[in-house]
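Containing PDB, C-alpha atoms, pLDDT in the B column: model_2.pdb.
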```pdb
ATOM      1  CA  GLU A   8      57.663 161.687  68.976  1.00 92.00           C
ATOM      2  CA  VAL A   9      58.251 158.528  66.973  1.00 94.00           C
ATOM      3  CA  GLN A  10      56.845 158.807  63.465  1.00 96.00           C
ATOM      4  CA  LEU A  11      56.779 156.011  60.903  1.00 97.00           C
ATOM      5  CA  GLU A  12      55.288 156.512  57.456  1.00 98.00           C
ATOM      6  CA  GLU A  13      55.003 153.585  55.072  1.00 98.00           C
ATOM      7  CA  SER A  14      54.610 153.947  51.312  1.00 98.00           C
ATOM      8  CA  GLY A  15      54.987 151.993  48.107  1.00 98.00           C
ATOM      9  CA  GLY A  16      52.068 149.638  48.420  1.00 98.00           C
ATOM     10  CA  GLY A  17      49.759 148.834  45.554  1.00 98.00           C
ATOM     11  CA  LEU A  18      48.555 146.119  43.247  1.00 98.00           C
ATOM     12  CA  VAL A  19      51.044 143.473  42.145  1.00 97.00           C
ATOM     13  CA  GLN A  20      50.518 140.349  40.101  1.00 97.00           C
ATOM     14  CA  PRO A  21      51.344 136.914  41.496  1.00 98.00           C
ATOM     15  CA  GLY A  22      55.027 136.332  40.969  1.00 98.00           C
ATOM     16  CA  GLY A  23      55.693 140.039  40.782  1.00 98.00           C
ATOM     17  CA  SER A  24      57.806 142.384  42.890  1.00 98.00           C
ATOM     18  CA  LEU A  25      57.242 145.494  44.925  1.00 97.00           C
ATOM     19  CA  THR A  26      59.363 147.641  47.210  1.00 98.00           C
ATOM     20  CA  LEU A  27      57.932 149.244  50.302  1.00 98.00           C
ATOM     21  CA  SER A  28      59.500 152.183  52.101  1.00 98.00           C
ATOM     22  CA  CYS A  29      59.215 153.518  55.615  1.00 98.00           C
ATOM     23  CA  ALA A  30      60.314 157.048  56.430  1.00 98.00           C
ATOM     24  CA  ALA A  31      61.133 157.476  60.107  1.00 98.00           C
ATOM     25  CA  SER A  32      61.703 160.374  62.469  1.00 96.00           C
ATOM     26  CA  GLY A  33      61.634 161.236  66.145  1.00 96.00           C
ATOM     27  CA  PHE A  34      64.198 158.686  67.345  1.00 96.00           C
ATOM     28  CA  ARG A  35      67.791 157.620  66.720  1.00 97.00           C
ATOM     29  CA  PHE A  36      67.133 155.676  63.568  1.00 97.00           C
ATOM     30  CA  SER A  37      70.691 154.448  63.065  1.00 97.00           C
ATOM     31  CA  ARG A  38      70.713 152.828  66.502  1.00 97.00           C
ATOM     32  CA  THR A  39      67.302 151.206  66.366  1.00 97.00           C
ATOM     33  CA  VAL A  40      66.413 147.652  65.380  1.00 97.00           C
ATOM     34  CA  LEU A  41      63.393 147.823  63.088  1.00 98.00           C
ATOM     35  CA  SER A  42      60.789 145.389  61.908  1.00 98.00           C
ATOM     36  CA  TRP A  43      58.095 144.849  59.338  1.00 98.00           C
ATOM     37  CA  VAL A  44      54.789 143.303  60.310  1.00 98.00           C
ATOM     38  CA  ARG A  45      51.653 142.734  58.283  1.00 98.00           C
ATOM     39  CA  GLN A  46      47.982 142.088  58.760  1.00 98.00           C
ATOM     40  CA  ALA A  47      45.966 140.173  56.219  1.00 97.00           C
ATOM     41  CA  PRO A  48      42.178 140.529  56.056  1.00 93.00           C
ATOM     42  CA  GLY A  49      40.563 138.727  58.964  1.00 95.00           C
ATOM     43  CA  LYS A  50      43.898 137.639  60.429  1.00 97.00           C
ATOM     44  CA  GLU A  51      46.098 138.669  63.306  1.00 96.00           C
ATOM     45  CA  LEU A  52      49.190 140.800  62.987  1.00 97.00           C
ATOM     46  CA  GLU A  53      52.091 138.726  61.638  1.00 97.00           C
ATOM     47  CA  TRP A  54      55.778 139.423  62.082  1.00 97.00           C
ATOM     48  CA  VAL A  55      57.538 139.567  58.699  1.00 98.00           C
ATOM     49  CA  SER A  56      61.112 140.705  59.216  1.00 98.00           C
ATOM     50  CA  THR A  57      63.565 142.379  61.559  1.00 98.00           C
ATOM     51  CA  ILE A  58      66.773 144.154  60.615  1.00 98.00           C
ATOM     52  CA  ASN A  59      69.542 145.195  62.973  1.00 98.00           C
ATOM     53  CA  ALA A  60      70.663 148.787  63.424  1.00 98.00           C
ATOM     54  CA  ALA A  61      73.647 148.493  61.087  1.00 97.00           C
ATOM     55  CA  GLY A  62      71.585 146.800  58.422  1.00 97.00           C
ATOM     56  CA  ASP A  63      73.952 143.864  58.048  1.00 97.00           C
ATOM     57  CA  GLN A  64      71.746 141.269  59.709  1.00 98.00           C
ATOM     58  CA  SER A  65      68.112 140.469  59.065  1.00 98.00           C
ATOM     59  CA  TRP A  66      65.636 137.797  59.990  1.00 98.00           C
ATOM     60  CA  TYR A  67      62.454 136.637  58.303  1.00 98.00           C
ATOM     61  CA  GLY A  68      59.283 134.748  59.030  1.00 98.00           C
ATOM     62  CA  ASP A  69      58.990 131.318  57.427  1.00 98.00           C
ATOM     63  CA  SER A  70      56.244 132.464  55.075  1.00 97.00           C
ATOM     64  CA  VAL A  71      58.457 135.108  53.432  1.00 98.00           C
ATOM     65  CA  LYS A  72      61.971 133.712  53.875  1.00 98.00           C
ATOM     66  CA  GLY A  73      63.841 133.622  50.593  1.00 97.00           C
ATOM     67  CA  ARG A  74      61.349 135.973  48.906  1.00 98.00           C
ATOM     68  CA  PHE A  75      61.458 139.194  50.925  1.00 98.00           C
ATOM     69  CA  THR A  76      64.494 141.336  51.685  1.00 98.00           C
ATOM     70  CA  ALA A  77      64.682 144.057  54.317  1.00 98.00           C
ATOM     71  CA  SER A  78      67.222 146.844  54.031  1.00 98.00           C
ATOM     72  CA  ARG A  79      67.794 150.298  55.389  1.00 98.00           C
ATOM     73  CA  ASP A  80      69.510 153.564  54.588  1.00 98.00           C
ATOM     74  CA  ASN A  81      70.582 155.114  57.871  1.00 98.00           C
ATOM     75  CA  ALA A  82      71.639 158.323  56.130  1.00 98.00           C
ATOM     76  CA  LYS A  83      68.070 158.784  54.892  1.00 98.00           C
ATOM     77  CA  ASN A  84      66.279 157.407  57.951  1.00 98.00           C
ATOM     78  CA  THR A  85      64.453 155.019  55.664  1.00 98.00           C
ATOM     79  CA  LEU A  86      63.616 151.340  55.927  1.00 98.00           C
ATOM     80  CA  TYR A  87      62.753 149.172  52.935  1.00 98.00           C
ATOM     81  CA  LEU A  88      61.118 145.840  52.237  1.00 98.00           C
ATOM     82  CA  LYS A  89      61.512 144.231  48.822  1.00 98.00           C
ATOM     83  CA  LEU A  90      58.816 141.704  48.014  1.00 98.00           C
ATOM     84  CA  ASN A  91      59.710 139.174  45.355  1.00 98.00           C
ATOM     85  CA  SER A  92      57.731 136.231  43.986  1.00 98.00           C
ATOM     86  CA  ALA A  93      54.568 137.664  45.509  1.00 98.00           C
ATOM     87  CA  THR A  94      51.699 135.304  46.258  1.00 98.00           C
ATOM     88  CA  ILE A  95      48.045 135.949  46.973  1.00 97.00           C
ATOM     89  CA  GLU A  96      48.788 135.143  50.618  1.00 97.00           C
ATOM     90  CA  ASP A  97      51.027 138.233  50.763  1.00 98.00           C
ATOM     91  CA  THR A  98      47.975 140.473  50.432  1.00 98.00           C
ATOM     92  CA  ALA A  99      47.947 142.553  53.621  1.00 98.00           C
ATOM     93  CA  ILE A 100      48.559 145.918  55.161  1.00 98.00           C
ATOM     94  CA  TYR A 101      52.273 146.239  55.783  1.00 98.00           C
ATOM     95  CA  TYR A 102      53.635 148.227  58.709  1.00 98.00           C
ATOM     96  CA  CYS A 103      57.095 149.212  59.816  1.00 97.00           C
ATOM     97  CA  ALA A 104      57.621 149.100  63.544  1.00 97.00           C
ATOM     98  CA  THR A 105      60.165 149.752  66.260  1.00 96.00           C
ATOM     99  CA  THR A 106      59.064 146.575  68.026  1.00 92.00           C
ATOM    100  CA  THR A 107      58.796 143.036  66.696  1.00 89.00           C
ATOM    101  CA  ASP A 108      55.228 142.716  67.928  1.00 87.00           C
ATOM    102  CA  GLY A 109      54.214 145.780  65.930  1.00 86.00           C
ATOM    103  CA  ALA A 110      52.919 147.601  68.981  1.00 90.00           C
ATOM    104  CA  ASN A 111      54.684 150.769  67.858  1.00 92.00           C
ATOM    105  CA  ARG A 112      54.003 150.966  64.142  1.00 95.00           C
ATOM    106  CA  GLY A 113      52.990 153.364  61.418  1.00 95.00           C
ATOM    107  CA  GLN A 114      49.689 153.678  59.568  1.00 96.00           C
ATOM    108  CA  GLY A 115      50.599 151.013  57.055  1.00 98.00           C
ATOM    109  CA  THR A 116      50.516 150.584  53.296  1.00 98.00           C
ATOM    110  CA  GLN A 117      48.201 148.197  51.472  1.00 98.00           C
ATOM    111  CA  VAL A 118      49.653 145.487  49.266  1.00 98.00           C
ATOM    112  CA  THR A 119      47.257 143.533  47.083  1.00 98.00           C
ATOM    113  CA  VAL A 120      48.461 140.537  45.112  1.00 98.00           C
ATOM    114  CA  SER A 121      46.026 139.698  42.365  1.00 97.00           C
ATOM    115  CA  SER A 122      45.902 138.885  38.689  1.00 94.00           C
TER     116      SER A 122
END
```
Final structure tokens representation of the file:
Amino acid sequence: EVQLEESGGGLVQPGGSLTLSCAASGFRFSRTVLSWVRQAPGKELEWVSTINAAGDQSWYGDSVKGRFTASRDNAKNTLYLKLNSATIEDTAIYYCATTTDGANRGQGTQVTVSS
């Protein structure tokens, strides 16, 4: 059974940084392309980032490009998302997922950007 557990969310000030983690189990982590998606209040699910299985290629949505960095540790079965230069628009529940549309995702972790 695929299990994805996000953590690391919280309150961050505008311009601040935060690192999210996603602990995974139940599938061959090191061979799986993984993604981050998010859902802001009252909005649809939004794709944020995808990282390849080796962790040496990643892609980002226009709204986060240049500010967010996805990475992974295949030895620890853990996916990360580093948020830099946070803006109020980054406030959302963040999910890790095995699909880019977020159909197979964890329970999420709340990120709130506020002063």
I want to know what sits within 8 Å of stretch 51-57 of chain A, based on all atoms listed in the file, with residues of the same chain fewer than 6 positions away left out; could you give that as a list in words?
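My reading of the contact set: Val40, Leu41, Ser42, Trp43, Val44, Arg45, Ser65, Trp66, Tyr67, Gly68, Val71, Ala77, Thr107, Asp108 and Gly109 of chain A.
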For the PyMOL selection byres ((chain A and resi 13) around 9), applied here, can you spell out every residue it catches as a PyMOL selection string?
chain A and resi 11-12+14-16+27-31+86+101-103+113-116
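As for atom CA of A:Phe75 and atom CA of A:Glu8, they are spaced 29.1 Å apart.
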Distance query A:Arg74 at most 12 Å, only C-alpha atoms, self and fewer than 5 positions along chain excluded, as number ranges by chain
A: 22-26, 55-56, 67-69, 88-94, 97
Can you translate the PyMOL selection byres ((chain A and resi 9) around 6) into the concrete residues it hits in this file, as number ranges by chain?
A: 8, 10, 32-34
Include C-alpha atoms and write out the residues we just selected as a compact mmCIF listing (two decimals), in the frame of the given file.
```txt
# COMPACT_ATOMS: atom_id res chain seq x y z
CA GLU A 8 57.66 161.69 68.98
CA GLN A 10 56.84 158.81 63.46
CA SER A 32 61.70 160.37 62.47
CA GLY A 33 61.63 161.24 66.14
CA PHE A 34 64.20 158.69 67.34
```
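Coordinates place atom CA of A:Thr39 at a distance of 25.2 Å from atom CA of A:Val118.
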Please determine an axis-aligned box that encloses all atoms of stretch 24-37 of chain A listed in the file, with 3 Å added on each side, and express its centre and edge lengths in Å to one decimal as AutoDock Vina command-line options.
```
--center_x 64.0 --center_y 151.8 --center_z 55.1 --size_x 19.4 --size_y 24.9 --size_z 30.5
```
Could you tell me which of A:Ser70, A:Gln20, A:Asn81, A:Gln117 comes closest to A:Arg38 if we count only C-alpha atoms?
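Closest candidate: A:Asn81.
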For atom CA of A:Arg112 and atom CA of A:Gly73, determine how far apart the two atoms are, in Å to one decimal place.
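Between atom CA of A:Arg112 and atom CA of A:Gly73 the gap works out to 24.1 Å.
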Taking the file as I've supplied it (selection: the PyMOL selection byres ((chain A and resi 121) around 8)), which residues are included? Please answer as a list in words.
Leu18, Val19, Gln20, Pro21, Ile95, Thr119, Val120 and Ser122 of chain A
Keeping only C-alpha atoms, write the selected residues as a short mmCIF file (atom, residue, chain, number, x, y, z; two decimals), in the coordinates of the input.
```cif
data_model
loop_
_atom_site.label_atom_id
_atom_site.label_comp_id
_atom_site.auth_asym_id
_atom_site.auth_seq_id
_atom_site.Cartn_x
_atom_site.Cartn_y
_atom_site.Cartn_z
CA LEU A 18 48.56 146.12 43.25
CA VAL A 19 51.04 143.47 42.14
CA GLN A 20 50.52 140.35 40.10
CA PRO A 21 51.34 136.91 41.50
CA ILE A 95 48.04 135.95 46.97
CA THR A 119 47.26 143.53 47.08
CA VAL A 120 48.46 140.54 45.11
CA SER A 122 45.90 138.88 38.69
#
```
Could you pull chain A out of the block above and give me C-alpha atoms, as a PDB file, in the first residue's frame?
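Contents of the output file part.pdb:
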```
ATOM      1  CA  GLU A   8       0.000   0.000   0.000  1.00  0.00           C
ATOM      2  CA  VAL A   9       1.358   3.388  -1.005  1.00  0.00           C
ATOM      3  CA  GLN A  10       1.788   5.673   1.988  1.00  0.00           C
ATOM      4  CA  LEU A  11       2.848   9.312   1.832  1.00  0.00           C
ATOM      5  CA  GLU A  12       3.182  11.417   4.964  1.00  0.00           C
ATOM      6  CA  GLU A  13       3.959  15.112   4.687  1.00  0.00           C
ATOM      7  CA  SER A  14       5.403  17.189   7.520  1.00  0.00           C
ATOM      8  CA  GLY A  15       7.185  20.450   8.173  1.00  0.00           C
ATOM      9  CA  GLY A  16       4.388  22.878   7.507  1.00  0.00           C
ATOM     10  CA  GLY A  17       3.683  25.855   9.706  1.00  0.00           C
ATOM     11  CA  LEU A  18       3.622  29.612   9.864  1.00  0.00           C
ATOM     12  CA  VAL A  19       6.245  31.528   7.900  1.00  0.00           C
ATOM     13  CA  GLN A  20       6.643  35.239   7.363  1.00  0.00           C
ATOM     14  CA  PRO A  21       6.593  36.746   3.877  1.00  0.00           C
ATOM     15  CA  GLY A  22      10.065  36.426   2.454  1.00  0.00           C
ATOM     16  CA  GLY A  23      10.866  33.563   4.775  1.00  0.00           C
ATOM     17  CA  SER A  24      11.808  29.939   4.160  1.00  0.00           C
ATOM     18  CA  LEU A  25      10.455  26.560   5.103  1.00  0.00           C
ATOM     19  CA  THR A  26      11.315  22.976   4.240  1.00  0.00           C
ATOM     20  CA  LEU A  27       8.647  20.352   3.824  1.00  0.00           C
ATOM     21  CA  SER A  28       9.276  16.623   4.008  1.00  0.00           C
ATOM     22  CA  CYS A  29       7.408  13.616   2.712  1.00  0.00           C
ATOM     23  CA  ALA A  30       8.110  10.165   4.102  1.00  0.00           C
ATOM     24  CA  ALA A  31       7.107   7.421   1.686  1.00  0.00           C
ATOM     25  CA  SER A  32       6.590   3.678   1.850  1.00  0.00           C
ATOM     26  CA  GLY A  33       4.820   0.868   0.054  1.00  0.00           C
ATOM     27  CA  PHE A  34       6.424   1.322  -3.372  1.00  0.00           C
ATOM     28  CA  ARG A  35       9.846   1.449  -5.016  1.00  0.00           C
ATOM     29  CA  PHE A  36      10.692   4.972  -4.004  1.00  0.00           C
ATOM     30  CA  SER A  37      14.020   5.159  -5.821  1.00  0.00           C
ATOM     31  CA  ARG A  38      12.359   4.325  -9.136  1.00  0.00           C
ATOM     32  CA  THR A  39       9.366   6.612  -8.840  1.00  0.00           C
ATOM     33  CA  VAL A  40       8.929  10.122 -10.213  1.00  0.00           C
ATOM     34  CA  LEU A  41       7.359  12.233  -7.477  1.00  0.00           C
ATOM     35  CA  SER A  42       5.543  15.515  -7.341  1.00  0.00           C
ATOM     36  CA  TRP A  43       4.368  18.231  -5.017  1.00  0.00           C
ATOM     37  CA  VAL A  44       0.945  19.771  -5.432  1.00  0.00           C
ATOM     38  CA  ARG A  45      -0.877  22.314  -3.313  1.00  0.00           C
ATOM     39  CA  GLN A  46      -4.357  23.581  -2.674  1.00  0.00           C
ATOM     40  CA  ALA A  47      -4.995  27.113  -1.531  1.00  0.00           C
ATOM     41  CA  PRO A  48      -8.241  28.042   0.230  1.00  0.00           C
ATOM     42  CA  GLY A  49     -11.099  28.135  -2.246  1.00  0.00           C
ATOM     43  CA  LYS A  50      -8.892  27.111  -5.169  1.00  0.00           C
ATOM     44  CA  GLU A  51      -8.282  23.990  -7.183  1.00  0.00           C
ATOM     45  CA  LEU A  52      -5.336  21.683  -6.727  1.00  0.00           C
ATOM     46  CA  GLU A  53      -2.214  23.198  -8.308  1.00  0.00           C
ATOM     47  CA  TRP A  54       0.846  21.341  -9.518  1.00  0.00           C
ATOM     48  CA  VAL A  55       4.000  22.733  -7.882  1.00  0.00           C
ATOM     49  CA  SER A  56       6.941  20.535  -8.806  1.00  0.00           C
ATOM     50  CA  THR A  57       8.049  17.173 -10.144  1.00  0.00           C
ATOM     51  CA  ILE A  58      11.380  15.472  -9.560  1.00  0.00           C
ATOM     52  CA  ASN A  59      12.738  12.486 -11.444  1.00  0.00           C
ATOM     53  CA  ALA A  60      13.634   9.199  -9.784  1.00  0.00           C
ATOM     54  CA  ALA A  61      17.356   9.942  -9.577  1.00  0.00           C
ATOM     55  CA  GLY A  62      16.744  13.394  -8.190  1.00  0.00           C
ATOM     56  CA  ASP A  63      18.905  15.131 -10.774  1.00  0.00           C
ATOM     57  CA  GLN A  64      16.089  16.730 -12.740  1.00  0.00           C
ATOM     58  CA  SER A  65      13.167  18.768 -11.488  1.00  0.00           C
ATOM     59  CA  TRP A  66      10.459  20.941 -12.927  1.00  0.00           C
ATOM     60  CA  TYR A  67       8.416  23.738 -11.403  1.00  0.00           C
ATOM     61  CA  GLY A  68       5.217  25.643 -11.935  1.00  0.00           C
ATOM     62  CA  ASP A  69       5.600  29.253 -13.048  1.00  0.00           C
ATOM     63  CA  SER A  70       4.333  30.589  -9.732  1.00  0.00           C
ATOM     64  CA  VAL A  71       7.149  28.941  -7.747  1.00  0.00           C
ATOM     65  CA  LYS A  72       9.985  28.704 -10.275  1.00  0.00           C
ATOM     66  CA  GLY A  73      13.181  30.179  -8.900  1.00  0.00           C
ATOM     67  CA  ARG A  74      11.866  30.142  -5.315  1.00  0.00           C
ATOM     68  CA  PHE A  75      11.115  26.494  -4.542  1.00  0.00           C
ATOM     69  CA  THR A  76      13.502  23.555  -4.759  1.00  0.00           C
ATOM     70  CA  ALA A  77      12.514  19.896  -4.744  1.00  0.00           C
ATOM     71  CA  SER A  78      14.980  17.238  -3.669  1.00  0.00           C
ATOM     72  CA  ARG A  79      14.959  13.674  -2.485  1.00  0.00           C
ATOM     73  CA  ASP A  80      16.960  11.203  -0.450  1.00  0.00           C
ATOM     74  CA  ASN A  81      16.404   7.778  -1.963  1.00  0.00           C
ATOM     75  CA  ALA A  82      18.267   6.099   0.893  1.00  0.00           C
ATOM     76  CA  LYS A  83      15.726   7.525   3.341  1.00  0.00           C
ATOM     77  CA  ASN A  84      12.655   7.260   1.114  1.00  0.00           C
ATOM     78  CA  THR A  85      12.048  10.940   1.708  1.00  0.00           C
ATOM     79  CA  LEU A  86      11.062  13.786  -0.581  1.00  0.00           C
ATOM     80  CA  TYR A  87      11.643  17.441   0.257  1.00  0.00           C
ATOM     81  CA  LEU A  88      10.421  20.829  -0.877  1.00  0.00           C
ATOM     82  CA  LYS A  89      12.329  23.951   0.134  1.00  0.00           C
ATOM     83  CA  LEU A  90      10.251  27.110   0.000  1.00  0.00           C
ATOM     84  CA  ASN A  91      12.211  30.328  -0.277  1.00  0.00           C
ATOM     85  CA  SER A  92      11.016  33.923  -0.589  1.00  0.00           C
ATOM     86  CA  ALA A  93       7.559  32.862   0.553  1.00  0.00           C
ATOM     87  CA  THR A  94       4.599  35.020  -0.418  1.00  0.00           C
ATOM     88  CA  ILE A  95       1.066  35.172   0.913  1.00  0.00           C
ATOM     89  CA  GLU A  96      -0.032  33.395  -2.269  1.00  0.00           C
ATOM     90  CA  ASP A  97       1.976  30.340  -1.161  1.00  0.00           C
ATOM     91  CA  THR A  98      -0.479  29.744   1.678  1.00  0.00           C
ATOM     92  CA  ALA A  99      -1.941  26.297   0.989  1.00  0.00           C
ATOM     93  CA  ILE A 100      -2.017  22.680   1.980  1.00  0.00           C
ATOM     94  CA  TYR A 101       0.970  20.991   0.396  1.00  0.00           C
ATOM     95  CA  TYR A 102       0.853  17.366  -0.704  1.00  0.00           C
ATOM     96  CA  CYS A 103       3.409  14.964  -2.070  1.00  0.00           C
ATOM     97  CA  ALA A 104       2.105  12.680  -4.767  1.00  0.00           C
ATOM     98  CA  THR A 105       3.082   9.838  -7.056  1.00  0.00           C
ATOM     99  CA  THR A 106       1.170  11.490  -9.891  1.00  0.00           C
ATOM    100  CA  THR A 107       1.443  15.013 -11.263  1.00  0.00           C
ATOM    101  CA  ASP A 108      -2.292  15.557 -10.938  1.00  0.00           C
ATOM    102  CA  GLY A 109      -2.135  14.741  -7.235  1.00  0.00           C
ATOM    103  CA  ALA A 110      -4.657  11.938  -7.531  1.00  0.00           C
ATOM    104  CA  ASN A 111      -2.464   9.717  -5.369  1.00  0.00           C
ATOM    105  CA  ARG A 112      -1.300  11.975  -2.567  1.00  0.00           C
ATOM    106  CA  GLY A 113      -0.822  12.090   1.169  1.00  0.00           C
ATOM    107  CA  GLN A 114      -2.842  13.913   3.817  1.00  0.00           C
ATOM    108  CA  GLY A 115      -0.943  17.141   3.350  1.00  0.00           C
ATOM    109  CA  THR A 116       0.747  19.721   5.542  1.00  0.00           C
ATOM    110  CA  GLN A 117      -0.510  23.268   6.020  1.00  0.00           C
ATOM    111  CA  VAL A 118       1.720  26.190   5.120  1.00  0.00           C
ATOM    112  CA  THR A 119       0.577  29.648   6.147  1.00  0.00           C
ATOM    113  CA  VAL A 120       2.467  32.717   4.998  1.00  0.00           C
ATOM    114  CA  SER A 121       1.595  35.686   7.144  1.00  0.00           C
ATOM    115  CA  SER A 122       3.196  38.517   9.044  1.00  0.00           C
TER     116      SER A 122
END
```
